[in-house]
Structure formats: structure tokens, C-alpha cells
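Student: First the structure, which I've put down as C-alpha cells, then a few questions once you've had a look.
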Amino acid sequence: MNTKKVVIWGASGHAKVVADIIRLNHQYNIIGFLDSQSPERKGESFYGSTILGGVDEIEILLEKKITNIIMGFGDCLARDLLFHKLIKKGFYFINAIHPKSTIAADAVIGQGVVVCAGVVINSNTVIGDNVIVNTSSSIDHDCTIDESSHISPGVHLAGGVTVGKGTWIGIGSIVKEKITIGNNVIIGAGSLVLNDIPSKVLTYGSPAKIIKWIK
């Protein structure tokens with residue numbers, strides 16, 4: 001019987017993936033999901049548990065000494081803001097690492113990280129707090145992924161790539177070796193990144209080009 005309790009913030013598709021990983025590892029008991037976007041869903045059954053409510057549940061959870069939590073949604077900016085708010089409140093972010101992922105022994109993994117099925121993370125790579133490394137993506141040697149970024153399914157990063165804070169790399173994209181990608185970047189699906197990308201831009205294509213600056 002699991003003795004550690006955890007809450008997942010989010011109640012949609014990605015939350016199901018996170019919940020599945022947690023259950024496969026048999027270390028935590030999921031007591032419920034949080035959903036601030038749809039308060040009317042409170043009490044609804046969802047993926048083997050219950051939607052507890054939204055942001056109003058934070059103080060209730062703290063009173064019950066339930067402080068283990070993990071993000072179950074993909075928006076980088078929203079996840080980053082919420083992550084830091086909850087850390088200050090006293091919550092502890094667990095990791096959800098799929099047993100069928102492959103992670104080098106010397107890789108450094110932060111807090112609140114989700115690593116999905118089929119992922120490969122190679123040697124001397126650093127994965128920051130609150131990062132999603134999604135299904136069947138690969139991060140090669142000597143990469144650094146800063147906090148609250150999202151590496152989408154099927155993304156492949158060659159060696160020595162640096163990804164800034166809050167950056168979202170779209171599904172199926174490929175990044176050449178030794179590329180630096182800035183903070184709060186969105187890279188569109190299926191892009192081929194051959195040159196460094198500055199912060200706060202939307203870029204996509206093959207090769208990827210800057211489409212517009214993000215405020």
C-alpha cells in the first residue's frame with residue numbers, strides 16, 4: 001500500500017500521462033487532480049481519481065500536510081509561475097520518470113521533472129526543475145535544459161545543445177549540435193534548428209526562421 005500522497009495539477013491529456021508514470025513506479029498514491037481552468041469540474045471522477053478543485057485547494061492541502069505535487073499540463077509560462085508560487089508555499093515537487101526511459105548515470109535531473117516513455121537522456125546532461133521531456137524524445141550528451149521548458153514528443157537534440165528557461169520545442173523538431181536556444185522561445189512542430197535562436201521568439205521551418213518576437 002502506498003504511503004506517500006501526491007496531487008497532480010492539471011486534469012487533461014498530459015495529466016493522464018503523468019498519472020500513468022506515477023502509478024507505474026509504485027511510490028506515490030495519487031489523491032486527486034487540481035483544475036483551476038474549470039472550477040465546475042470539482043468532484044468529477046478523472047483517470048482513476050477525483051478532481052479536488054482549483055487554486056482554493058492549496059491551503060486545504062497544506063492543512064492536511066499533503067505537500068507532494070507535480071505539474072500535469074504543458075504551458076511553459078503558466079507552469080513556471082505556478083511552480084515558484086507553490087515552492088514558496090511549502091510544496092515539494094516530485095519527479096515522474098517512466099521506467100522505460102533511459103537516463104545516463106551522470107545526468108542531473110531537477111525537481112518536478114516529467115520524463116516520458118521512450119526518452120533517452122545521455123551523459124553529462126542537465127535537466128532543470130519543472131521540465132517536461134516528452135514521449136520518445138532524445139537529448140544527447142552535454143546538453144542543458146533550463147527550468148520549465150518542454151521538449152515535445154519525438155524531438156531530438158544533438159550534443160552540446162543549450163535550451164533556455166520556459167522554451168517549448170514542438171513535436172518532431174531536430175536541433176543541431178552546439179546550438180543555443182534562448183528563454184521563452186516557441187519552436188514550431190517539425191522544425192530543423194541549424195542556428196542559435198535568441199530569447200522570446202516564435203520560430204519554425206526547415207531550416208527554422210524567426211517568425212515574430214514574443215512580448
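Ordering of the C-alpha cells sets the chain letters (A, B, ...), residue numbers begin anew at 1 in every chain, and ligands are numbered from 1 in the order given.
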Where in stretch 36-214 of chain A does DSSP assign strand (DSSP E or B), given as a ChimeraX atom specification?

Tutor: /A:45-46,49-53,68-71,92-93,96-97,102-103,108-109,114-115,120-121,126-127,132-133,138-139,144-145,150-151,156-157,162-163,168-169,174-175,180-181,186-187,192-193,197,201-205,208-213

Student: Per residue of stretch 50-126 of chain A within 6 Å of stretch 34-37 of chain A, record the nearest atom pair and its distance in Å to one decimal, counting only C-alpha atoms, with rows in chain order and ascending residue number, as a Markdown table.

Tutor:
```
| residue | atom | partner | partner_atom | distance |
| --- | --- | --- | --- | --- |
| A:Ile51 | CA | A:Leu34 | CA | 5.7 |
| A:Leu52 | CA | A:Leu34 | CA | 5.6 |
| A:Gly53 | CA | A:Leu34 | CA | 5.3 |
| A:Gly54 | CA | A:Ser36 | CA | 4.0 |
| A:Val55 | CA | A:Ser36 | CA | 5.8 |
```

Student: Those residues with N, CA, C and O atoms, as a PDB file, in the first residue's frame please?

Tutor:
```pdb
ATOM      1  N   ILE A  51     -11.175  15.065  -9.271  1.00  0.00           N
ATOM      2  CA  ILE A  51     -10.753  16.464  -9.363  1.00  0.00           C
ATOM      3  C   ILE A  51     -11.138  17.156  -8.066  1.00  0.00           C
ATOM      4  O   ILE A  51     -12.319  17.256  -7.720  1.00  0.00           O
ATOM      5  N   LEU A  52     -10.133  17.597  -7.333  1.00  0.00           N
ATOM      6  CA  LEU A  52     -10.350  18.156  -5.995  1.00  0.00           C
ATOM      7  C   LEU A  52     -10.856  19.588  -6.032  1.00  0.00           C
ATOM      8  O   LEU A  52     -11.487  20.050  -5.074  1.00  0.00           O
ATOM      9  N   GLY A  53     -10.568  20.298  -7.100  1.00  0.00           N
ATOM     10  CA  GLY A  53     -10.908  21.718  -7.201  1.00  0.00           C
ATOM     11  C   GLY A  53      -9.763  22.452  -7.852  1.00  0.00           C
ATOM     12  O   GLY A  53      -8.977  21.875  -8.606  1.00  0.00           O
ATOM     13  N   GLY A  54      -9.656  23.762  -7.528  1.00  0.00           N
ATOM     14  CA  GLY A  54      -8.625  24.570  -8.143  1.00  0.00           C
ATOM     15  C   GLY A  54      -7.682  25.177  -7.129  1.00  0.00           C
ATOM     16  O   GLY A  54      -7.318  24.554  -6.133  1.00  0.00           O
ATOM     17  N   VAL A  55      -7.340  26.438  -7.366  1.00  0.00           N
ATOM     18  CA  VAL A  55      -6.345  27.110  -6.528  1.00  0.00           C
ATOM     19  C   VAL A  55      -6.787  27.213  -5.070  1.00  0.00           C
ATOM     20  O   VAL A  55      -5.948  27.264  -4.151  1.00  0.00           O
TER      21      VAL A  55
END
```

Student: Output as a tab-separated table one row per residue of stretch 65-118 of chain A within 12 Å of stretch 183-203 of chain A: the closest atom pair and its distance in Å to one decimal place, counting only C-alpha atoms, sorted by chain and residue number ascending.

Tutor:
```
residue	atom	partner	partner_atom	distance
A:Asp75	CA	A:Ile186	CA	10.9
A:Cys76	CA	A:Asn184	CA	8.1
A:Leu77	CA	A:Asn184	CA	7.8
A:Ala78	CA	A:Asn184	CA	11.6
A:Asp80	CA	A:Asn184	CA	10.7
```

Student: Limited to N, CA and C atoms, could you put the picked residues into a file as a JSON list (two decimals), in the first residue's frame?

Tutor:
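New file part-v8.json:
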```json
[["chain", "number", "residue", "atom", "x", "y", "z"],
["A", 75, "ASP", "N", 1.70, 24.14, -20.70],
["A", 75, "ASP", "CA", 2.02, 25.55, -20.93],
["A", 75, "ASP", "C", 3.22, 25.98, -20.09],
["A", 76, "CYS", "N", 4.31, 26.37, -20.76],
["A", 76, "CYS", "CA", 5.57, 26.64, -20.04],
["A", 76, "CYS", "C", 5.47, 27.84, -19.10],
["A", 77, "LEU", "N", 4.92, 28.94, -19.57],
["A", 77, "LEU", "CA", 4.85, 30.14, -18.74],
["A", 77, "LEU", "C", 3.97, 29.91, -17.52],
["A", 78, "ALA", "N", 2.80, 29.32, -17.72],
["A", 78, "ALA", "CA", 1.89, 29.06, -16.60],
["A", 78, "ALA", "C", 2.51, 28.08, -15.61],
["A", 80, "ASP", "N", 5.70, 27.65, -15.03],
["A", 80, "ASP", "CA", 6.80, 28.31, -14.32],
["A", 80, "ASP", "C", 6.28, 29.19, -13.19]]
```

Student: Taking only C-alpha atoms into account, which of A:Ile31, A:Met71, A:Ala117, A:Leu62 comes nearest A:Gly10?

Tutor: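 Closest candidate: A:Met71.
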
Student: Name the closest residue to A:Thr125 among the candidates A:Ser101, A:Ser138, A:Asn25, A:Ser49; distances are taken between atoms, counting only C-alpha atoms.

Tutor: A:Ser138

Student: As a ChimeraX atom specification, please: the residues near stretch 131-134 of chain A (cut-off 6 Å, only C-alpha atoms, same-chain neighbours under 4 positions excluded).

Tutor: /A:113-116,147-153

Student: Of the residues A:Lys209, A:Lys165, A:Lys16, A:Lys176, which is the one nearest to A:Leu81, using only C-alpha atoms?

Tutor: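 Smallest distance to A:Leu81 is found for A:Lys165.
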
Student: I need the residue nearest A:Thr167 from this list: A:Lys89, A:His84, A:Arg79, A:His98. Use only C-alpha atoms for the distance.

Tutor: A:Arg79

Student: Would you pick out the contacts of A:Val155 at 8 Å or less, using only C-alpha atoms, so that residues sharing its chain but fewer than 6 positions from it are not included, and give the list as a count of residues only?

Tutor: 9

Student: If we count only C-alpha atoms, what is near A:Gly159 at a cut-off of 12 Å, once residues fewer than 6 positions away on the same chain are taken out, given as a ChimeraX atom specification?

Tutor: /A:121-125,138-144,174-180

Student: Which neighbours of A:His14 fall inside 10 Å, counting only C-alpha atoms, when residues of the same chain fewer than 3 positions from it are skipped, and could you give them as a PyMOL selection string?

Tutor: chain A and resi 10-11+17-20+71-74+134

Student: One decimal, Å: what's the distance from atom CA of A:Gly112 over to atom CA of A:Phe93, could you say?

Tutor: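 If I compute the distance from atom CA of A:Gly112 to atom CA of A:Phe93, I get 4.5 Å.
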
Student: Go through chain A and collect every residue that DSSP, computed from the backbone, puts in alpha helix (DSSP H); the answer should be as an MDAnalysis selection string.

Tutor: chainID A and resid 13:25 57:63 76:89

Student: If you measure from atom CA of A:Asn68 to atom CA of A:Leu86, what distance in Å do you get, rounded to one decimal?

Tutor: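 Separation of atom CA of A:Asn68 and atom CA of A:Leu86: 10.3 Å.
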
Student: Out of A:Gly110, A:Gly48, A:Pro99, A:Gly32, which residue has the shortest atom-to-atom distance to A:Ile127 when counting only C-alpha atoms?

Tutor: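 The closest residue to A:Ile127 is A:Gly110.
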
Student: Which is closer to A:Phe33 than all the others in A:Val7, A:Ile21, A:Ile58, A:Ile214, using only C-alpha atoms?

Tutor: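 Closest to A:Phe33 of all the choices is A:Val7.
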